[in-house]
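Coordinates from my_file34.cif are shown below (mmCIF, C-alpha atoms).
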data_coords
loop_
_atom_site.group_PDB
_atom_site.id
_atom_site.type_symbol
_atom_site.label_atom_id
_atom_site.label_comp_id
_atom_site.auth_asym_id
_atom_site.auth_seq_id
_atom_site.Cartn_x
_atom_site.Cartn_y
_atom_site.Cartn_z
ATOM 1 C CA MET A 1 0.000 0.000 0.000
ATOM 2 C CA ALA A 2 1.405 3.398 -1.032
ATOM 3 C CA VAL A 3 -0.702 6.165 0.482
ATOM 4 C CA LYS A 4 0.414 9.771 -0.037
ATOM 5 C CA PHE A 5 -0.601 12.891 1.858
ATOM 6 C CA MET A 6 0.055 16.618 1.921
ATOM 7 C CA THR A 7 0.251 18.905 4.931
ATOM 8 C CA ILE A 8 -1.483 22.274 5.080
ATOM 9 C CA LYS A 9 -1.601 24.934 7.767
ATOM 10 C CA GLY A 10 -4.486 24.558 10.211
ATOM 11 C CA ALA A 11 -7.270 27.146 10.088
ATOM 12 C CA SER A 12 -7.698 27.767 13.822
ATOM 13 C CA THR A 13 -7.748 31.446 14.858
ATOM 14 C CA ILE A 14 -7.046 30.785 18.557
ATOM 15 C CA ALA A 15 -3.888 28.650 18.332
ATOM 16 C CA THR A 16 -0.795 30.476 19.592
ATOM 17 C CA LYS A 17 1.490 28.506 17.301
ATOM 18 C CA PRO A 18 0.826 27.376 13.725
ATOM 19 C CA PHE A 19 -0.073 23.732 13.281
ATOM 20 C CA TYR A 20 -0.465 21.520 10.258
ATOM 21 C CA ILE A 21 -2.938 18.839 9.230
ATOM 22 C CA GLY A 22 -2.564 16.063 6.670
ATOM 23 C CA ILE A 23 -4.822 15.615 3.643
ATOM 24 C CA PRO A 24 -4.584 12.197 1.907
ATOM 25 C CA GLN A 25 -4.284 11.925 -1.852
ATOM 26 C CA HIS A 26 -6.884 9.545 -3.266
ATOM 27 C CA GLU A 27 -5.807 7.313 -6.123
ATOM 28 C CA ARG A 28 -9.220 7.430 -7.762
ATOM 29 C CA VAL A 29 -12.975 7.551 -7.195
ATOM 30 C CA ILE A 30 -14.832 4.231 -7.298
ATOM 31 C CA GLY A 31 -18.490 4.432 -8.305
ATOM 32 C CA LYS A 32 -21.289 2.488 -6.650
ATOM 33 C CA LYS A 33 -21.559 -0.115 -9.395
ATOM 34 C CA GLU A 34 -17.845 -0.932 -9.266
ATOM 35 C CA ALA A 35 -17.920 -1.003 -5.449
ATOM 36 C CA TYR A 36 -20.760 -3.561 -5.542
ATOM 37 C CA GLU A 37 -18.784 -5.685 -8.007
ATOM 38 C CA ILE A 38 -15.626 -5.594 -5.875
ATOM 39 C CA ALA A 39 -17.592 -6.540 -2.747
ATOM 40 C CA ALA A 40 -19.279 -9.360 -4.665
ATOM 41 C CA GLU A 41 -15.936 -10.711 -5.855
ATOM 42 C CA ARG A 42 -14.514 -10.742 -2.332
ATOM 43 C CA THR A 43 -17.576 -12.139 -0.554
ATOM 44 C CA GLY A 44 -18.885 -14.628 -3.100
ATOM 45 C CA TYR A 45 -22.303 -12.980 -3.310
ATOM 46 C CA LYS A 46 -23.777 -11.584 -6.523
ATOM 47 C CA ALA A 47 -23.422 -7.856 -7.157
ATOM 48 C CA THR A 48 -27.218 -7.513 -7.163
ATOM 49 C CA ALA A 49 -27.370 -9.037 -3.672
ATOM 50 C CA VAL A 50 -24.663 -6.661 -2.409
ATOM 51 C CA ARG A 51 -26.554 -3.703 -3.901
ATOM 52 C CA ALA A 52 -29.782 -4.857 -2.224
ATOM 53 C CA VAL A 53 -28.044 -4.987 1.173
ATOM 54 C CA PHE A 54 -26.715 -1.435 0.802
ATOM 55 C CA MET A 55 -30.122 -0.156 -0.296
ATOM 56 C CA ALA A 56 -31.771 -1.826 2.697
ATOM 57 C CA LEU A 57 -29.115 -0.344 5.017
ATOM 58 C CA LYS A 58 -29.761 3.124 3.570
ATOM 59 C CA GLU A 59 -33.475 2.865 4.296
ATOM 60 C CA PHE A 60 -32.799 1.496 7.788
ATOM 61 C CA VAL A 61 -30.494 4.435 8.590
ATOM 62 C CA ARG A 62 -32.962 6.946 7.093
ATOM 63 C CA GLU A 63 -35.825 5.567 9.193
ATOM 64 C CA ASN A 64 -33.792 5.556 12.406
ATOM 65 C CA GLN A 65 -32.467 9.085 11.917
ATOM 66 C CA ASN A 66 -35.956 10.399 11.116
ATOM 67 C CA ARG A 67 -36.925 9.142 14.581
ATOM 68 C CA GLY A 68 -33.926 10.857 16.191
ATOM 69 C CA ASN A 69 -32.190 7.577 17.017
ATOM 70 C CA ILE A 70 -28.530 6.568 16.841
ATOM 71 C CA THR A 71 -27.895 3.756 14.368
ATOM 72 C CA TYR A 72 -25.166 1.264 15.229
ATOM 73 C CA ILE A 73 -23.483 -0.747 12.476
ATOM 74 C CA ASP A 74 -21.483 -3.316 14.390
ATOM 75 C CA GLU A 75 -17.694 -2.842 14.243
ATOM 76 C CA VAL A 76 -18.032 -0.097 11.599
ATOM 77 C CA ALA A 77 -19.729 3.093 12.796
ATOM 78 C CA SER A 78 -22.430 4.716 14.874
ATOM 79 C CA ILE A 79 -24.589 7.107 12.890
ATOM 80 C CA ARG A 80 -26.221 10.083 14.574
ATOM 81 C CA ASN A 81 -27.867 13.391 13.738
ATOM 82 C CA ALA A 82 -25.955 16.670 13.926
ATOM 83 C CA VAL A 83 -26.805 20.339 13.380
ATOM 84 C CA ARG A 84 -24.808 22.641 11.126
ATOM 85 C CA GLY A 85 -24.943 26.424 11.207
ATOM 86 C CA SER A 86 -24.965 29.090 13.929
ATOM 87 C CA PHE A 87 -27.998 30.621 15.681
ATOM 88 C CA ALA A 88 -28.788 34.264 16.411
ATOM 89 C CA ALA A 89 -29.801 33.548 20.017
ATOM 90 C CA LEU A 90 -29.952 30.816 22.660
ATOM 91 C CA THR A 91 -33.442 29.812 21.538
ATOM 92 C CA GLY A 92 -32.840 30.055 17.803
ATOM 93 C CA PRO A 93 -34.647 30.533 15.529
ATOM 94 C CA TRP A 94 -33.934 27.740 13.069
ATOM 95 C CA VAL A 95 -33.201 29.336 9.680
ATOM 96 C CA LYS A 96 -33.565 27.095 6.639
ATOM 97 C CA GLY A 97 -30.497 27.254 4.452
ATOM 98 C CA ARG A 98 -28.226 28.371 7.287
ATOM 99 C CA ASN A 99 -29.200 25.656 9.761
ATOM 100 C CA VAL A 100 -29.178 22.125 8.384
ATOM 101 C CA LEU A 101 -29.791 18.754 10.014
ATOM 102 C CA MET A 102 -27.000 16.396 8.965
ATOM 103 C CA ILE A 103 -26.007 12.787 9.536
ATOM 104 C CA ASN A 104 -22.570 12.065 11.028
ATOM 105 C CA ALA A 105 -20.849 8.689 11.120
ATOM 106 C CA VAL A 106 -18.488 8.045 14.053
ATOM 107 C CA GLU A 107 -16.050 5.205 13.401
ATOM 108 C CA MET A 108 -15.990 2.177 15.693
ATOM 109 C CA GLU A 109 -13.405 -0.537 16.226
ATOM 110 C CA PRO A 110 -11.991 -2.385 14.341
ATOM 111 C CA PHE A 111 -12.896 -0.225 11.321
ATOM 112 C CA LYS A 112 -11.600 2.842 13.149
ATOM 113 C CA THR A 113 -7.992 1.656 13.262
ATOM 114 C CA ILE A 114 -7.865 -0.645 10.245
ATOM 115 C CA LEU A 115 -5.061 1.448 8.669
ATOM 116 C CA GLU A 116 -3.084 2.185 11.836
ATOM 117 C CA GLY A 117 -0.105 0.148 10.616
ATOM 118 C CA VAL A 118 0.225 2.066 7.346
ATOM 119 C CA VAL A 119 2.888 4.786 7.178
ATOM 120 C CA PRO A 120 2.010 7.163 4.304
ATOM 121 C CA THR A 121 4.436 9.208 2.231
ATOM 122 C CA ASN A 122 4.548 12.977 2.734
ATOM 123 C CA ASN A 123 3.979 14.567 -0.664
ATOM 124 C CA THR A 124 3.749 18.175 0.533
ATOM 125 C CA GLU A 125 5.726 19.561 -2.394
ATOM 126 C CA GLY A 126 2.467 19.184 -4.244
ATOM 127 C CA ALA A 127 0.779 17.304 -7.017
ATOM 128 C CA LYS A 128 1.979 18.188 -10.501
ATOM 129 C CA PRO A 129 -0.517 16.966 -13.111
ATOM 130 C CA VAL A 130 1.021 16.150 -16.467
ATOM 131 C CA ILE A 131 -0.227 14.507 -19.682
ATOM 132 C CA TYR A 132 2.112 12.011 -21.360
ATOM 133 C CA THR A 133 -0.069 10.638 -24.162
ATOM 134 C CA VAL A 134 -3.610 10.825 -25.577
ATOM 135 C CA LEU A 135 -4.814 7.685 -27.368
ATOM 136 C CA ASP A 136 -8.045 7.093 -29.304
ATOM 137 C CA GLU A 137 -8.975 3.596 -28.113
ATOM 138 C CA ALA A 138 -10.927 2.757 -31.288
ATOM 139 C CA THR A 139 -8.481 3.898 -33.971
ATOM 140 C CA ARG A 140 -5.337 3.480 -31.808
ATOM 141 C CA GLU A 141 -4.064 6.864 -32.993
ATOM 142 C CA TYR A 142 -2.143 9.164 -30.677
ATOM 143 C CA ASP A 143 -3.183 12.803 -30.280
ATOM 144 C CA VAL A 144 -6.124 12.193 -32.633
ATOM 145 C CA ILE A 145 -9.730 11.806 -31.423
ATOM 146 C CA THR A 146 -12.463 10.561 -33.738
ATOM 147 C CA GLY A 147 -16.077 11.546 -33.069
ATOM 148 C CA THR A 148 -17.283 10.199 -29.740
ATOM 149 C CA ASP A 149 -14.625 7.486 -29.441
ATOM 150 C CA VAL A 150 -13.342 6.834 -25.938
ATOM 151 C CA PHE A 151 -9.850 8.289 -25.581
ATOM 152 C CA SER A 152 -7.298 7.471 -22.912
ATOM 153 C CA ILE A 153 -5.166 10.139 -21.223
ATOM 154 C CA ALA A 154 -1.992 8.760 -19.649
ATOM 155 C CA GLY A 155 -0.026 10.917 -17.242
ATOM 156 C CA ALA A 156 0.650 11.615 -13.589
ATOM 157 C CA ASP A 157 -1.356 13.270 -10.803
ATOM 158 C CA LEU A 158 -4.469 13.382 -12.981
ATOM 159 C CA GLY A 159 -7.552 11.794 -11.382
ATOM 160 C CA PRO A 160 -10.238 14.467 -11.940
ATOM 161 C CA ASP A 161 -13.303 13.833 -9.770
ATOM 162 C CA ALA A 162 -16.297 13.908 -12.121
ATOM 163 C CA ALA A 163 -18.610 14.547 -9.166
ATOM 164 C CA LYS A 164 -17.114 18.043 -8.748
ATOM 165 C CA ASP A 165 -18.199 20.801 -11.133
ATOM 166 C CA ASP A 166 -14.741 22.365 -11.321
ATOM 167 C CA GLU A 167 -12.872 19.138 -12.104
ATOM 168 C CA PHE A 168 -13.346 17.826 -15.623
ATOM 169 C CA VAL A 169 -11.951 16.924 -19.033
ATOM 170 C CA SER A 170 -12.878 19.129 -21.988
ATOM 171 C CA LEU A 171 -11.999 19.877 -25.596
ATOM 172 C CA VAL A 172 -11.550 23.552 -26.461
ATOM 173 C CA SER A 173 -11.797 24.659 -30.100
ATOM 174 C CA THR A 174 -9.690 27.405 -31.656
ATOM 175 C CA ASN A 175 -12.629 29.820 -31.293
ATOM 176 C CA GLY A 176 -12.872 29.115 -27.575
ATOM 177 C CA THR A 177 -15.854 26.749 -27.513
ATOM 178 C CA ASP A 178 -15.384 24.452 -24.522
ATOM 179 C CA ALA A 179 -17.058 21.014 -24.720
ATOM 180 C CA LYS A 180 -16.986 19.047 -21.465
ATOM 181 C CA CYS A 181 -16.351 15.347 -21.999
ATOM 182 C CA ASP A 182 -17.966 12.411 -20.200
ATOM 183 C CA ILE A 183 -15.454 10.713 -17.899
ATOM 184 C CA THR A 184 -15.778 6.915 -17.785
ATOM 185 C CA TYR A 185 -12.682 6.141 -15.697
ATOM 186 C CA SER A 186 -10.347 8.291 -13.642
ATOM 187 C CA ASP A 187 -7.258 7.640 -11.575
ATOM 188 C CA LEU A 188 -3.998 9.484 -11.038
ATOM 189 C CA GLY A 189 -2.248 7.779 -13.949
ATOM 190 C CA ASN A 190 -5.032 7.300 -16.465
ATOM 191 C CA VAL A 191 -8.295 8.979 -17.460
ATOM 192 C CA LYS A 192 -10.787 7.680 -20.025
ATOM 193 C CA ALA A 193 -13.353 10.023 -21.537
ATOM 194 C CA HIS A 194 -15.297 10.767 -24.703
ATOM 195 C CA ALA A 195 -16.828 13.838 -26.323
ATOM 196 C CA PRO A 196 -20.541 14.299 -25.513
ATOM 197 C CA TYR A 197 -21.293 14.642 -29.251
ATOM 198 C CA ALA A 198 -19.373 14.692 -32.537
ATOM 199 C CA LEU A 199 -17.388 17.929 -32.646
ATOM 200 C CA ILE A 200 -16.482 19.931 -35.726
ATOM 201 C CA PRO A 201 -13.196 18.470 -37.013
ATOM 202 C CA GLY A 202 -10.096 20.531 -36.397
ATOM 203 C CA GLU A 203 -7.399 21.398 -33.905
ATOM 204 C CA TYR A 204 -8.426 21.400 -30.234
ATOM 205 C CA THR A 205 -6.852 21.853 -26.831
ATOM 206 C CA LEU A 206 -7.502 18.913 -24.516
ATOM 207 C CA LYS A 207 -7.897 20.294 -20.996
ATOM 208 C CA VAL A 208 -7.838 18.418 -17.677
ATOM 209 C CA ARG A 209 -8.778 20.292 -14.508
ATOM 210 C CA THR A 210 -8.098 18.401 -11.293
ATOM 211 C CA ARG A 211 -7.178 18.474 -7.609
ATOM 212 C CA SER A 212 -5.166 15.290 -8.181
ATOM 213 C CA GLY A 213 -7.128 13.331 -5.604
ATOM 214 C CA MET A 214 -6.789 15.990 -2.887
ATOM 215 C CA GLY A 215 -9.625 17.564 -0.930
ATOM 216 C CA GLN A 216 -11.477 20.849 -1.359
ATOM 217 C CA GLU A 217 -8.684 22.600 0.566
ATOM 218 C CA PHE A 218 -6.536 22.437 -2.558
ATOM 219 C CA GLY A 219 -6.961 24.571 -5.632
ATOM 220 C CA VAL A 220 -7.724 23.127 -9.043
ATOM 221 C CA LYS A 221 -4.769 22.743 -11.412
ATOM 222 C CA GLU A 222 -5.049 22.658 -15.180
ATOM 223 C CA VAL A 223 -2.979 20.745 -17.718
ATOM 224 C CA THR A 224 -3.452 20.849 -21.497
ATOM 225 C CA ARG A 225 -2.369 19.126 -24.710
ATOM 226 C CA ARG A 226 -2.988 19.879 -28.386
ATOM 227 C CA VAL A 227 -4.997 17.219 -30.232
ATOM 228 C CA THR A 228 -6.747 16.793 -33.578
ATOM 229 C CA VAL A 229 -10.460 15.948 -33.705
ATOM 230 C CA LYS A 230 -11.763 14.077 -36.768
#
Would it be possible to restate this file's structure as structure tokens?
Amino acid sequence: MAVKFMTIKGASTIATKPFYIGIPQHERVIGKKEAYEIAAERTGYKATAVRAVFMALKEFVRENQNRGNITYIDEVASIRNAVRGSFAALTGPWVKGRNVLMINAVEMEPFKTILEGVVPTNNTEGAKPVIYTVLDEATREYDVITGTDVFSIAGADLGPDAAKDDEFVSLVSTNGTDAKCDITYSDLGNVKAHAPYALIPGEYTLKVRTRSGMGQEFGVKEVTRRVTVK
């Protein structure tokens, strides 16, 4: 296991001395479908059965939290309600939008310390996204993308999170039109995507915007490469 992390200065305004916290770098984002398949492979159950268990657990947690209960998932976590947002006075009032009822999960043993033996690598110098190659997976041409073919971007510190609006892959035409692509796979070393529709043939700038697997505390970095669209 090779976990990396970066350190950033803590945000406390009352500390007399500066302190630093670590933010892990995530290799990639695994979607629900893939997570079900991995769990099925390791447990021997079918992916549909794994999905059904998670859906049932979701409804169980929702029902318990609606009643104001604490939900215990043995050896994993206790789930409880929490309130976010400040109040104008001791008695409120509750202001929708500013005050929100949330669900917090508090880790329990042994899940809580399952990684205690792992010593991560400090990568505080920062992620440096770079594109090595762009390959059309249908035509096998480099730096050429045909229609809506899936293309593969090989590089380092890539891993854009498609769930975030400011992290994406896009193709920018010479007149500045920016077409966001659909990401089908994303990790730090490889990203697969395709144009949402057939673009006008010509020269384009392939753009990847990413936090390289880091959290919201880090700014988005951009890396580009010139490609030809057919």
Handout entry: Separation of CA of Gly31 (chain A) from CA of Tyr142 (chain A) in Å
Key = 28.1 Å
Handout entry: Residue contacts of Val3 (chain A) (9 Å, only C-alpha atoms) excluding same-chain residues fewer than 3 positions away, as a ChimeraX atom specification
Key = /A:24-27,118-122
Problem - Long-range neighbours of Thr224 (chain A) as a list of chain:residue names, 7 Å cut-off, all atoms listed in the file, 3 positions minimum in chain - result: A:Thr205, A:Leu206, A:Lys207, A:Val208
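Minimum distance to Phe111 (chain A) across A:Ala82, A:Ala40, A:Ala77, A:Ile30 (counting all atoms listed in the file) occurs at A:Ala77.
The spacing separating CA of Thr7 (chain A) from CA of Gly215 (chain A) amounts to 11.6 Å.
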Fill in the blank from the handout: For Val144 (chain A), the closest of A:Lys230, A:Arg80, A:Arg98, A:Lys9 counting only C-alpha atoms is A:Lys230
Practice task
Please identify all polymer residues within 12 Å of Ile114 (chain A), counting only C-alpha atoms, omitting same-chain residues fewer than 5 positions from it, and present them as a ChimeraX atom specification.
Solution key: /A:75-76,107-109
Problem - Expansion of the PyMOL selection byres ((chain A and resi 19) around 10) into residues, as JSON, numbers by chain - result: {"A": [7, 8, 9, 10, 11, 12, 15, 16, 17, 18, 20, 21]}
Could those residues be written to a file, using C-alpha atoms, as a tab-separated table (two decimals), keeping the file's coordinate frame?
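Below is the file that was written, selection_15.tsv:
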chain	number	residue	atom	x	y	z
A	7	THR	CA	0.25	18.90	4.93
A	8	ILE	CA	-1.48	22.27	5.08
A	9	LYS	CA	-1.60	24.93	7.77
A	10	GLY	CA	-4.49	24.56	10.21
A	11	ALA	CA	-7.27	27.15	10.09
A	12	SER	CA	-7.70	27.77	13.82
A	15	ALA	CA	-3.89	28.65	18.33
A	16	THR	CA	-0.80	30.48	19.59
A	17	LYS	CA	1.49	28.51	17.30
A	18	PRO	CA	0.83	27.38	13.72
A	20	TYR	CA	-0.46	21.52	10.26
A	21	ILE	CA	-2.94	18.84	9.23
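Going from CA of Lys128 (chain A) to CA of Thr210 (chain A) covers 10.1 Å.
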Do you have, as CSV, the list of residues of region 73-152 of chain A lying at most 12 Å from region 186-196 of chain A, each with its nearest atom pair and that distance in Å to one decimal, counting all atoms listed in the file and ordered by chain then number?
residue,atom,partner,partner_atom,distance
A:Ala127,CA,A:Leu188,CA,10.0
A:Lys128,CA,A:Leu188,CA,10.6
A:Pro129,CA,A:Leu188,CA,8.5
A:Val130,CA,A:Gly189,CA,9.3
A:Ile131,CA,A:Gly189,CA,9.1
A:Tyr132,CA,A:Gly189,CA,9.6
A:Thr133,CA,A:Asn190,CA,9.7
A:Val134,CA,A:Val191,CA,9.6
A:Leu135,CA,A:Lys192,CA,9.5
A:Asp136,CA,A:His194,CA,9.3
A:Glu137,CA,A:Lys192,CA,9.2
A:Ala138,CA,A:His194,CA,11.3
A:Ile145,CA,A:His194,CA,8.8
A:Thr146,CA,A:Ala195,CA,9.2
A:Gly147,CA,A:Ala195,CA,7.2
A:Thr148,CA,A:Ala195,CA,5.0
A:Asp149,CA,A:His194,CA,5.8
A:Val150,CA,A:His194,CA,4.6
A:Phe151,CA,A:Ala193,CA,5.6
A:Ser152,CA,A:Lys192,CA,4.5
Exercise for the section: Report as a ChimeraX atom specification the residues that result from applying the PyMOL selection byres ((chain A and resi 170) around 6) to the structure here. Expected result: /A:169,171,179-181,206-207
Using C-alpha atoms, can you write the selected residues to a file as a PDB file, in the coordinates of the input?
ATOM      1  CA  VAL A 169     -11.951  16.924 -19.033  1.00  0.00           C
ATOM      2  CA  LEU A 171     -11.999  19.877 -25.596  1.00  0.00           C
ATOM      3  CA  ALA A 179     -17.058  21.014 -24.720  1.00  0.00           C
ATOM      4  CA  LYS A 180     -16.986  19.047 -21.465  1.00  0.00           C
ATOM      5  CA  CYS A 181     -16.351  15.347 -21.999  1.00  0.00           C
ATOM      6  CA  LEU A 206      -7.502  18.913 -24.516  1.00  0.00           C
ATOM      7  CA  LYS A 207      -7.897  20.294 -20.996  1.00  0.00           C
TER       8      LYS A 207
END
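Within the file as shown, the PyMOL selection byres ((chain A and resi 47-58) around 9) identifies Lys32, Lys33, Ala35, Tyr36, Glu37, Ile38, Ala39, Ala40, Glu41, Tyr45, Lys46, Glu59, Phe60, Val61, Arg62 and Glu63 of chain A.
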